[in-house]
Amino acid sequence: MGDEKHWVKPGQVEAMRDGARAGHHPKRDDAIITLLYDTGLRRSELAHVDREMLDLEDGLLRLPTSVQKDYPNDSTPPPVTFELDRDGSLRTVATLREFLEARVDDDLALVPSQKAGRMTGKGINDVVQRAARRASVRPYCFSGRGRPEDVSAHTLRHSVAWRMLRIEEGNTLYDVRNRLRHASLLTTEREYDHFETI
């Protein structure tokens with residue numbers, strides 16, 4: 001099942017958040033999982049998010065071009081503003097506020113590392129994988145179910161698409177494309193067309 005696309009459902013994400021809160025960095029790890037599952041950020045993007053890009057008063061995350069992954073077609077993505085926790089079920093703003101209020105450092109990075117100024121994409125992925133193992137989460141895939149070690153930060157990105165198309169009301173592939181910031185709608189169709197029911 002190496003290259004197969006995996007996704008998790010909302011209840012599994014909640015179990016992962018519980019798993020994160022049982023670890024050594026409960027508030028940080030919960031914030032990482034919640035933000036990835038809310039926004040669909042790539043792990044390398046989250047690694048470069050600064051605290052000041054968050055506007056918790058208005059429930060927004062502003063992502064400048066410099067933080068985003070470049071499109072494969074040599075063009076640069078525009079800056080983007082995410083509305084956090086659109087339906088209120090994830091408690092993203094409250095989770096981030098709790099995490100930031102508990103911090104005693106003045107690092108610029110939203111997710112700092114104890115060893116360096118900010119966590120790496122790999123470090124962020126490790127947080128997600130540890131939480132999935134702790135919660136014994138078996139992700140879904142088209143050939144059945146995966147194992148906890150199949151869950152990664154990118155799994156949460158796929159899960160955003162699944163949630164938008166299968167649970168939230170009124171979203172189209174175009175909405176998914178905007179949230180995940182694909183270079184074109186064709187990419188979104190290729191990746192997620194099969195998430196829609198027929």
# chains A, B, ... in the order shown; residues from 1 in each chain; ligands from 1
$ residues_around --residues "segment 15-28 of chain A" --least-positions-apart "2" --cutoff "6 Å" --atoms "only C-alpha atoms" --output "MDAnalysis selection string"
chainID A and resid 12:13 30:31 99 131:132 134:135
$ write_last_selection --atoms "N, CA and C atoms" --output "JSON list (two decimals), in the first residue's frame"
[["chain", "number", "residue", "atom", "x", "y", "z"],
["A", 12, "GLN", "N", -11.38, 10.01, 13.75],
["A", 12, "GLN", "CA", -10.00, 9.56, 13.85],
["A", 12, "GLN", "C", -9.06, 10.73, 14.14],
["A", 13, "VAL", "N", -9.37, 11.88, 13.56],
["A", 13, "VAL", "CA", -8.56, 13.07, 13.84],
["A", 13, "VAL", "C", -8.70, 13.45, 15.32],
["A", 30, "ASP", "N", -1.10, 19.10, 19.56],
["A", 30, "ASP", "CA", -2.52, 19.26, 19.25],
["A", 30, "ASP", "C", -2.70, 20.40, 18.24],
["A", 31, "ALA", "N", -1.97, 21.49, 18.44],
["A", 31, "ALA", "CA", -2.06, 22.64, 17.53],
["A", 31, "ALA", "C", -1.61, 22.25, 16.12],
["A", 99, "PHE", "N", -2.22, 27.12, 22.95],
["A", 99, "PHE", "CA", -0.82, 26.79, 22.68],
["A", 99, "PHE", "C", 0.07, 28.03, 22.82],
["A", 131, "ALA", "N", 1.13, 10.57, 16.98],
["A", 131, "ALA", "CA", -0.26, 10.68, 17.43],
["A", 131, "ALA", "C", -1.12, 9.58, 16.82],
["A", 132, "ALA", "N", -0.88, 9.26, 15.56],
["A", 132, "ALA", "CA", -1.65, 8.19, 14.89],
["A", 132, "ALA", "C", -1.34, 6.83, 15.54],
["A", 134, "ARG", "N", -0.25, 6.36, 18.64],
["A", 134, "ARG", "CA", -0.78, 6.37, 20.00],
["A", 134, "ARG", "C", -2.29, 6.10, 19.99],
["A", 135, "ALA", "N", -2.97, 6.61, 18.97],
["A", 135, "ALA", "CA", -4.43, 6.44, 18.87],
["A", 135, "ALA", "C", -4.83, 5.18, 18.09]]
$ select_by_dssp --residues "segment 24-116 of chain A" --states "helix (DSSP H, G or I)" --output "PyMOL selection string"
chain A and resi 26-39+43-47+51-53+65-67+92-102
$ closest_residue --among "A:Leu46, A:Leu61, A:Ala102, A:Val176" --to "Trp162 of chain A" --atoms "only C-alpha atoms"
A:Val176
$ residues_around --residues "segment 76-93 of chain A" --least-positions-apart "3" --cutoff "9 Å" --atoms "only C-alpha atoms" --output "PDB file with N, CA, C and O atoms, in the first residue's frame"
ATOM      1  N   GLU A  14      -9.905  13.349  15.843  1.00  0.00           N
ATOM      2  CA  GLU A  14     -10.102  13.635  17.275  1.00  0.00           C
ATOM      3  C   GLU A  14      -9.300  12.662  18.129  1.00  0.00           C
ATOM      4  O   GLU A  14      -8.702  13.049  19.138  1.00  0.00           O
ATOM      5  N   ALA A  31      -1.970  21.492  18.442  1.00  0.00           N
ATOM      6  CA  ALA A  31      -2.064  22.644  17.525  1.00  0.00           C
ATOM      7  C   ALA A  31      -1.609  22.252  16.119  1.00  0.00           C
ATOM      8  O   ALA A  31      -2.225  22.639  15.118  1.00  0.00           O
ATOM      9  N   THR A  34      -4.329  19.946  14.516  1.00  0.00           N
ATOM     10  CA  THR A  34      -5.550  20.717  14.261  1.00  0.00           C
ATOM     11  C   THR A  34      -5.375  21.657  13.076  1.00  0.00           C
ATOM     12  O   THR A  34      -6.236  21.736  12.192  1.00  0.00           O
ATOM     13  N   LEU A  35      -4.240  22.365  13.044  1.00  0.00           N
ATOM     14  CA  LEU A  35      -4.020  23.330  11.964  1.00  0.00           C
ATOM     15  C   LEU A  35      -3.840  22.630  10.617  1.00  0.00           C
ATOM     16  O   LEU A  35      -4.390  23.074   9.601  1.00  0.00           O
ATOM     17  N   TYR A  37      -5.106  19.744   9.739  1.00  0.00           N
ATOM     18  CA  TYR A  37      -6.395  19.171   9.323  1.00  0.00           C
ATOM     19  C   TYR A  37      -7.406  20.250   8.955  1.00  0.00           C
ATOM     20  O   TYR A  37      -8.307  20.019   8.154  1.00  0.00           O
ATOM     21  N   ASP A  38      -7.265  21.431   9.517  1.00  0.00           N
ATOM     22  CA  ASP A  38      -8.175  22.519   9.176  1.00  0.00           C
ATOM     23  C   ASP A  38      -7.807  23.122   7.815  1.00  0.00           C
ATOM     24  O   ASP A  38      -8.668  23.290   6.947  1.00  0.00           O
ATOM     25  N   THR A  39      -6.528  23.416   7.612  1.00  0.00           N
ATOM     26  CA  THR A  39      -6.117  24.204   6.445  1.00  0.00           C
ATOM     27  C   THR A  39      -5.639  23.375   5.260  1.00  0.00           C
ATOM     28  O   THR A  39      -5.664  23.850   4.129  1.00  0.00           O
ATOM     29  N   LEU A  56      -5.765  35.636  15.313  1.00  0.00           N
ATOM     30  CA  LEU A  56      -6.749  34.815  16.027  1.00  0.00           C
ATOM     31  C   LEU A  56      -8.013  35.609  16.357  1.00  0.00           C
ATOM     32  O   LEU A  56      -9.069  35.027  16.542  1.00  0.00           O
ATOM     33  N   GLU A  57      -7.886  36.918  16.419  1.00  0.00           N
ATOM     34  CA  GLU A  57      -9.058  37.752  16.682  1.00  0.00           C
ATOM     35  C   GLU A  57     -10.095  37.570  15.579  1.00  0.00           C
ATOM     36  O   GLU A  57     -11.292  37.469  15.832  1.00  0.00           O
ATOM     37  N   ASP A  58      -9.626  37.531  14.338  1.00  0.00           N
ATOM     38  CA  ASP A  58     -10.535  37.345  13.205  1.00  0.00           C
ATOM     39  C   ASP A  58     -10.561  35.902  12.709  1.00  0.00           C
ATOM     40  O   ASP A  58     -11.239  35.598  11.726  1.00  0.00           O
ATOM     41  N   GLY A  59      -9.799  35.006  13.362  1.00  0.00           N
ATOM     42  CA  GLY A  59      -9.787  33.594  12.967  1.00  0.00           C
ATOM     43  C   GLY A  59      -9.179  33.373  11.597  1.00  0.00           C
ATOM     44  O   GLY A  59      -9.727  32.625  10.780  1.00  0.00           O
ATOM     45  N   LEU A  60      -8.030  34.006  11.333  1.00  0.00           N
ATOM     46  CA  LEU A  60      -7.413  33.931  10.009  1.00  0.00           C
ATOM     47  C   LEU A  60      -5.949  33.513  10.107  1.00  0.00           C
ATOM     48  O   LEU A  60      -5.265  33.802  11.088  1.00  0.00           O
ATOM     49  N   LEU A  61      -5.486  32.858   9.053  1.00  0.00           N
ATOM     50  CA  LEU A  61      -4.066  32.602   8.853  1.00  0.00           C
ATOM     51  C   LEU A  61      -3.702  33.177   7.497  1.00  0.00           C
ATOM     52  O   LEU A  61      -4.293  32.805   6.481  1.00  0.00           O
ATOM     53  N   ARG A  62      -2.745  34.096   7.491  1.00  0.00           N
ATOM     54  CA  ARG A  62      -2.294  34.693   6.229  1.00  0.00           C
ATOM     55  C   ARG A  62      -0.978  34.045   5.842  1.00  0.00           C
ATOM     56  O   ARG A  62      -0.034  34.041   6.623  1.00  0.00           O
ATOM     57  N   LEU A  63      -0.930  33.520   4.624  1.00  0.00           N
ATOM     58  CA  LEU A  63       0.251  32.804   4.158  1.00  0.00           C
ATOM     59  C   LEU A  63       0.877  33.569   3.001  1.00  0.00           C
ATOM     60  O   LEU A  63       0.302  33.630   1.916  1.00  0.00           O
ATOM     61  N   PRO A  64       2.053  34.161   3.215  1.00  0.00           N
ATOM     62  CA  PRO A  64       2.695  34.883   2.109  1.00  0.00           C
ATOM     63  C   PRO A  64       3.225  33.914   1.056  1.00  0.00           C
ATOM     64  O   PRO A  64       3.385  32.723   1.310  1.00  0.00           O
ATOM     65  N   THR A  65       3.498  34.439  -0.106  1.00  0.00           N
ATOM     66  CA  THR A  65       4.034  33.639  -1.208  1.00  0.00           C
ATOM     67  C   THR A  65       5.299  32.904  -0.801  1.00  0.00           C
ATOM     68  O   THR A  65       5.491  31.738  -1.139  1.00  0.00           O
ATOM     69  N   SER A  66       6.159  33.560  -0.023  1.00  0.00           N
ATOM     70  CA  SER A  66       7.466  32.986   0.321  1.00  0.00           C
ATOM     71  C   SER A  66       7.364  31.678   1.108  1.00  0.00           C
ATOM     72  O   SER A  66       8.284  30.867   1.092  1.00  0.00           O
ATOM     73  N   VAL A  67       6.250  31.447   1.792  1.00  0.00           N
ATOM     74  CA  VAL A  67       6.078  30.245   2.613  1.00  0.00           C
ATOM     75  C   VAL A  67       5.501  29.085   1.794  1.00  0.00           C
ATOM     76  O   VAL A  67       5.679  27.920   2.128  1.00  0.00           O
ATOM     77  N   GLN A  68       4.830  29.412   0.693  1.00  0.00           N
ATOM     78  CA  GLN A  68       4.117  28.384  -0.068  1.00  0.00           C
ATOM     79  C   GLN A  68       5.031  27.633  -1.032  1.00  0.00           C
ATOM     80  O   GLN A  68       6.024  28.164  -1.511  1.00  0.00           O
ATOM     81  N   LYS A  69       4.622  26.404  -1.305  1.00  0.00           N
ATOM     82  CA  LYS A  69       5.341  25.583  -2.273  1.00  0.00           C
ATOM     83  C   LYS A  69       5.089  26.159  -3.670  1.00  0.00           C
ATOM     84  O   LYS A  69       3.945  26.457  -4.024  1.00  0.00           O
ATOM     85  N   ASP A  70       6.149  26.295  -4.460  1.00  0.00           N
ATOM     86  CA  ASP A  70       5.968  26.808  -5.828  1.00  0.00           C
ATOM     87  C   ASP A  70       5.198  25.810  -6.679  1.00  0.00           C
ATOM     88  O   ASP A  70       5.297  24.606  -6.495  1.00  0.00           O
ATOM     89  N   TYR A  71       4.442  26.324  -7.612  1.00  0.00           N
ATOM     90  CA  TYR A  71       3.719  25.466  -8.538  1.00  0.00           C
ATOM     91  C   TYR A  71       4.719  24.756  -9.461  1.00  0.00           C
ATOM     92  O   TYR A  71       5.777  25.316  -9.766  1.00  0.00           O
ATOM     93  N   ASN A  73       4.529  24.440 -12.519  1.00  0.00           N
ATOM     94  CA  ASN A  73       4.559  25.069 -13.847  1.00  0.00           C
ATOM     95  C   ASN A  73       5.368  26.371 -13.859  1.00  0.00           C
ATOM     96  O   ASN A  73       5.146  27.243 -14.685  1.00  0.00           O
ATOM     97  N   LEU A  96      -5.111  26.994  19.099  1.00  0.00           N
ATOM     98  CA  LEU A  96      -3.923  27.802  18.832  1.00  0.00           C
ATOM     99  C   LEU A  96      -3.700  28.840  19.937  1.00  0.00           C
ATOM    100  O   LEU A  96      -2.566  29.077  20.363  1.00  0.00           O
ATOM    101  N   ARG A  97      -4.784  29.419  20.413  1.00  0.00           N
ATOM    102  CA  ARG A  97      -4.671  30.419  21.482  1.00  0.00           C
ATOM    103  C   ARG A  97      -4.092  29.782  22.747  1.00  0.00           C
ATOM    104  O   ARG A  97      -3.184  30.322  23.379  1.00  0.00           O
ATOM    105  N   GLU A  98      -4.601  28.594  23.096  1.00  0.00           N
ATOM    106  CA  GLU A  98      -4.103  27.856  24.268  1.00  0.00           C
ATOM    107  C   GLU A  98      -2.608  27.560  24.141  1.00  0.00           C
ATOM    108  O   GLU A  98      -1.837  27.722  25.082  1.00  0.00           O
ATOM    109  N   GLU A 168     -18.818  18.190   4.650  1.00  0.00           N
ATOM    110  CA  GLU A 168     -19.294  19.571   4.604  1.00  0.00           C
ATOM    111  C   GLU A 168     -20.278  19.741   3.447  1.00  0.00           C
ATOM    112  O   GLU A 168     -20.154  19.084   2.427  1.00  0.00           O
ATOM    113  N   ARG A 179      -8.778  25.592  -1.366  1.00  0.00           N
ATOM    114  CA  ARG A 179      -8.284  25.333   0.002  1.00  0.00           C
ATOM    115  C   ARG A 179      -6.878  24.721  -0.037  1.00  0.00           C
ATOM    116  O   ARG A 179      -6.014  25.077   0.741  1.00  0.00           O
ATOM    117  N   ARG A 181      -4.855  24.816  -2.654  1.00  0.00           N
ATOM    118  CA  ARG A 181      -3.982  25.661  -3.480  1.00  0.00           C
ATOM    119  C   ARG A 181      -3.234  24.876  -4.556  1.00  0.00           C
ATOM    120  O   ARG A 181      -2.027  24.998  -4.710  1.00  0.00           O
ATOM    121  N   ALA A 183      -2.160  24.031  -8.405  1.00  0.00           N
ATOM    122  CA  ALA A 183      -1.846  24.905  -9.540  1.00  0.00           C
ATOM    123  C   ALA A 183      -3.025  24.995 -10.499  1.00  0.00           C
ATOM    124  O   ALA A 183      -3.258  26.029 -11.120  1.00  0.00           O
TER     125      ALA A 183
END
$ atom_distance --atom1 "atom CA of Val127 of chain A" --atom2 "atom CA of Leu110 of chain A"
14.7 Å
$ residues_around --residues "Gly121 of chain A" --least-positions-apart "5" --cutoff "8 Å" --atoms "only C-alpha atoms" --output "ChimeraX atom specification"
/A:43-47
$ residues_around --residues "Glu191 of chain A" --least-positions-apart "2" --cutoff "12 Å" --atoms "only C-alpha atoms" --output "list in words"
Glu4, Lys5, His6, Arg157, His158, Ser159, Ala161, Trp162, Leu173, Val176, Arg177, Leu180, His182, Ser184, Leu185, Leu186, Thr187, Thr188, Glu189, Asp193, His194, Phe195 and Glu196 of chain A
$ residues_around --residues "Asp106 of chain A" --least-positions-apart "2" --cutoff "12 Å" --atoms "only C-alpha atoms" --output "list in words"
Asp50, Arg51, Glu52, Leu100, Glu101, Ala102, Arg103, Val104, Leu108, Ala109, Leu110, Val111, Pro112, Gly117 and Arg118 of chain A
$ write_last_selection --atoms "all heavy atoms" --output "CSV table (one decimal), in the first residue's frame"
chain,number,residue,atom,x,y,z
A,50,ASP,N,5.1,31.8,10.7
A,50,ASP,CA,5.4,32.6,11.9
A,50,ASP,C,4.2,32.9,12.7
A,50,ASP,O,3.1,33.0,12.1
A,50,ASP,CB,6.1,33.9,11.5
A,50,ASP,CG,7.5,33.7,10.9
A,50,ASP,OD1,8.1,32.7,11.2
A,50,ASP,OD2,8.0,34.6,10.1
A,51,ARG,N,4.4,33.2,14.0
A,51,ARG,CA,3.2,33.5,14.8
A,51,ARG,C,2.4,34.7,14.3
A,51,ARG,O,1.2,34.7,14.3
A,51,ARG,CB,3.7,34.0,16.2
A,51,ARG,CG,4.2,33.0,17.1
A,51,ARG,CD,4.3,33.6,18.5
A,51,ARG,NE,5.6,33.3,19.1
A,51,ARG,CZ,5.7,33.3,20.4
A,51,ARG,NH1,4.7,33.5,21.2
A,51,ARG,NH2,6.8,33.0,21.0
A,52,GLU,N,3.2,35.7,13.7
A,52,GLU,CA,2.5,36.9,13.3
A,52,GLU,C,1.6,36.7,12.0
A,52,GLU,O,0.9,37.7,11.7
A,52,GLU,CB,3.6,38.0,13.1
A,52,GLU,CG,4.2,38.4,14.4
A,52,GLU,CD,5.2,39.5,14.2
A,52,GLU,OE1,5.6,39.9,13.1
A,52,GLU,OE2,5.6,40.0,15.3
A,100,LEU,N,-0.4,29.1,22.2
A,100,LEU,CA,0.5,30.3,22.2
A,100,LEU,C,0.5,31.0,23.6
A,100,LEU,O,1.6,31.5,24.0
A,100,LEU,CB,-0.1,31.4,21.2
A,100,LEU,CG,0.2,31.0,19.8
A,100,LEU,CD1,-0.6,31.9,18.8
A,100,LEU,CD2,1.6,30.9,19.4
A,101,GLU,N,-0.6,30.9,24.4
A,101,GLU,CA,-0.6,31.5,25.7
A,101,GLU,C,0.3,30.7,26.7
A,101,GLU,O,0.8,31.2,27.6
A,101,GLU,CB,-2.0,31.5,26.3
A,101,GLU,CG,-2.8,32.7,25.7
A,101,GLU,CD,-4.3,32.6,26.0
A,101,GLU,OE1,-4.7,31.7,26.7
A,101,GLU,OE2,-5.0,33.5,25.5
A,102,ALA,N,0.5,29.4,26.4
A,102,ALA,CA,1.3,28.5,27.3
A,102,ALA,C,2.8,28.7,27.0
A,102,ALA,O,3.7,28.2,27.7
A,102,ALA,CB,0.9,27.1,27.1
A,103,ARG,N,3.2,29.3,25.8
A,103,ARG,CA,4.6,29.4,25.5
A,103,ARG,C,5.3,30.5,26.3
A,103,ARG,O,4.7,31.5,26.5
A,103,ARG,CB,4.7,29.7,24.0
A,103,ARG,CG,4.5,28.5,23.1
A,103,ARG,CD,4.6,28.7,21.7
A,103,ARG,NE,5.8,29.4,21.2
A,103,ARG,CZ,6.0,29.7,19.9
A,103,ARG,NH1,5.1,29.3,19.0
A,103,ARG,NH2,7.0,30.3,19.6
A,104,VAL,N,6.6,30.2,26.6
A,104,VAL,CA,7.4,31.2,27.3
A,104,VAL,C,8.5,31.7,26.5
A,104,VAL,O,9.3,32.6,27.0
A,104,VAL,CB,7.9,30.5,28.6
A,104,VAL,CG1,6.8,30.2,29.6
A,104,VAL,CG2,8.7,29.2,28.3
A,108,LEU,N,10.0,33.5,16.8
A,108,LEU,CA,9.1,33.9,15.7
A,108,LEU,C,8.3,32.8,15.2
A,108,LEU,O,7.1,33.0,14.8
A,108,LEU,CB,10.0,34.5,14.5
A,108,LEU,CG,9.5,35.6,13.7
A,108,LEU,CD1,9.2,36.8,14.6
A,108,LEU,CD2,10.5,36.0,12.6
A,109,ALA,N,8.8,31.6,15.1
A,109,ALA,CA,8.2,30.4,14.5
A,109,ALA,C,6.9,30.1,15.3
A,109,ALA,O,6.9,30.1,16.5
A,109,ALA,CB,9.1,29.3,14.5
A,110,LEU,N,5.9,29.7,14.5
A,110,LEU,CA,4.6,29.2,15.2
A,110,LEU,C,4.9,27.9,15.9
A,110,LEU,O,4.5,27.7,17.0
A,110,LEU,CB,3.5,29.0,14.1
A,110,LEU,CG,2.2,28.5,14.7
A,110,LEU,CD1,1.6,29.4,15.7
A,110,LEU,CD2,1.2,28.2,13.6
A,111,VAL,N,5.7,27.0,15.3
A,111,VAL,CA,6.0,25.8,15.9
A,111,VAL,C,7.6,25.7,16.1
A,111,VAL,O,8.2,25.2,15.2
A,111,VAL,CB,5.5,24.5,15.2
A,111,VAL,CG1,4.0,24.3,15.6
A,111,VAL,CG2,5.6,24.5,13.7
A,112,PRO,N,8.1,26.2,17.2
A,112,PRO,CA,9.5,26.2,17.4
A,112,PRO,C,10.0,24.8,17.8
A,112,PRO,O,9.2,24.0,18.3
A,112,PRO,CB,9.7,27.2,18.6
A,112,PRO,CG,8.4,27.1,19.4
A,112,PRO,CD,7.3,26.8,18.3
A,117,GLY,N,15.5,27.0,15.8
A,117,GLY,CA,14.5,28.0,15.9
A,117,GLY,C,13.1,27.6,15.5
A,117,GLY,O,12.2,28.0,16.1
A,118,ARG,N,13.0,26.6,14.6
A,118,ARG,CA,11.7,26.1,14.2
A,118,ARG,C,11.8,24.6,13.9
A,118,ARG,O,12.8,24.1,13.5
A,118,ARG,CB,11.1,26.9,13.1
A,118,ARG,CG,11.9,27.0,11.8
A,118,ARG,CD,11.3,27.8,10.7
A,118,ARG,NE,11.3,29.2,10.9
A,118,ARG,CZ,10.2,30.0,11.0
A,118,ARG,NH1,9.0,29.5,10.8
A,118,ARG,NH2,10.3,31.3,11.2
$ decode --residues "segment 101-117 of chain A" --atoms "N, CA, C and O atoms" --output "mmCIF file, in the first residue's frame"
data_model
loop_
_atom_site.group_PDB
_atom_site.id
_atom_site.type_symbol
_atom_site.label_atom_id
_atom_site.label_comp_id
_atom_site.auth_asym_id
_atom_site.auth_seq_id
_atom_site.Cartn_x
_atom_site.Cartn_y
_atom_site.Cartn_z
ATOM 1 N N GLU A 101 -0.572 30.892 24.375
ATOM 2 C CA GLU A 101 -0.576 31.450 25.732
ATOM 3 C C GLU A 101 0.319 30.664 26.677
ATOM 4 O O GLU A 101 0.847 31.199 27.649
ATOM 5 N N ALA A 102 0.511 29.381 26.396
ATOM 6 C CA ALA A 102 1.340 28.529 27.260
ATOM 7 C C ALA A 102 2.832 28.680 26.966
ATOM 8 O O ALA A 102 3.667 28.239 27.743
ATOM 9 N N ARG A 103 3.154 29.315 25.839
ATOM 10 C CA ARG A 103 4.567 29.422 25.458
ATOM 11 C C ARG A 103 5.297 30.492 26.263
ATOM 12 O O ARG A 103 4.736 31.544 26.540
ATOM 13 N N VAL A 104 6.555 30.194 26.581
ATOM 14 C CA VAL A 104 7.353 31.151 27.344
ATOM 15 C C VAL A 104 8.509 31.716 26.512
ATOM 16 O O VAL A 104 9.250 32.564 26.977
ATOM 17 N N ASP A 105 8.647 31.233 25.266
ATOM 18 C CA ASP A 105 9.724 31.722 24.406
ATOM 19 C C ASP A 105 9.232 32.913 23.586
ATOM 20 O O ASP A 105 8.048 33.223 23.563
ATOM 21 N N ASP A 106 10.166 33.551 22.901
ATOM 22 C CA ASP A 106 9.755 34.633 22.007
ATOM 23 C C ASP A 106 10.183 34.327 20.571
ATOM 24 O O ASP A 106 10.429 35.228 19.778
ATOM 25 N N ASP A 107 10.259 33.023 20.260
ATOM 26 C CA ASP A 107 10.586 32.610 18.893
ATOM 27 C C ASP A 107 9.531 33.114 17.927
ATOM 28 O O ASP A 107 8.345 33.132 18.230
ATOM 29 N N LEU A 108 9.996 33.485 16.750
ATOM 30 C CA LEU A 108 9.116 33.937 15.684
ATOM 31 C C LEU A 108 8.251 32.791 15.154
ATOM 32 O O LEU A 108 7.083 32.977 14.811
ATOM 33 N N ALA A 109 8.835 31.604 15.088
ATOM 34 C CA ALA A 109 8.164 30.443 14.487
ATOM 35 C C ALA A 109 6.904 30.073 15.251
ATOM 36 O O ALA A 109 6.885 30.098 16.480
ATOM 37 N N LEU A 110 5.860 29.705 14.509
ATOM 38 C CA LEU A 110 4.642 29.228 15.159
ATOM 39 C C LEU A 110 4.930 27.920 15.897
ATOM 40 O O LEU A 110 4.482 27.727 17.017
ATOM 41 N N VAL A 111 5.680 27.010 15.255
ATOM 42 C CA VAL A 111 6.043 25.757 15.933
ATOM 43 C C VAL A 111 7.563 25.682 16.079
ATOM 44 O O VAL A 111 8.248 25.185 15.198
ATOM 45 N N PRO A 112 8.060 26.194 17.217
ATOM 46 C CA PRO A 112 9.494 26.192 17.433
ATOM 47 C C PRO A 112 9.994 24.805 17.817
ATOM 48 O O PRO A 112 9.236 23.966 18.275
ATOM 49 N N SER A 113 11.276 24.610 17.614
ATOM 50 C CA SER A 113 11.930 23.369 18.008
ATOM 51 C C SER A 113 12.790 23.660 19.226
ATOM 52 O O SER A 113 13.274 24.784 19.401
ATOM 53 N N GLN A 114 12.984 22.662 20.066
ATOM 54 C CA GLN A 114 13.853 22.866 21.228
ATOM 55 C C GLN A 114 15.315 22.977 20.789
ATOM 56 O O GLN A 114 16.115 23.627 21.430
ATOM 57 N N LYS A 115 15.648 22.320 19.669
ATOM 58 C CA LYS A 115 17.037 22.298 19.214
ATOM 59 C C LYS A 115 17.360 23.481 18.301
ATOM 60 O O LYS A 115 18.465 23.990 18.306
ATOM 61 N N ALA A 116 16.395 23.876 17.484
ATOM 62 C CA ALA A 116 16.637 24.955 16.517
ATOM 63 C C ALA A 116 15.514 25.978 16.652
ATOM 64 O O ALA A 116 14.633 25.841 17.488
ATOM 65 N N GLY A 117 15.540 26.989 15.804
ATOM 66 C CA GLY A 117 14.527 28.037 15.879
ATOM 67 C C GLY A 117 13.127 27.568 15.538
ATOM 68 O O GLY A 117 12.153 28.037 16.089
#
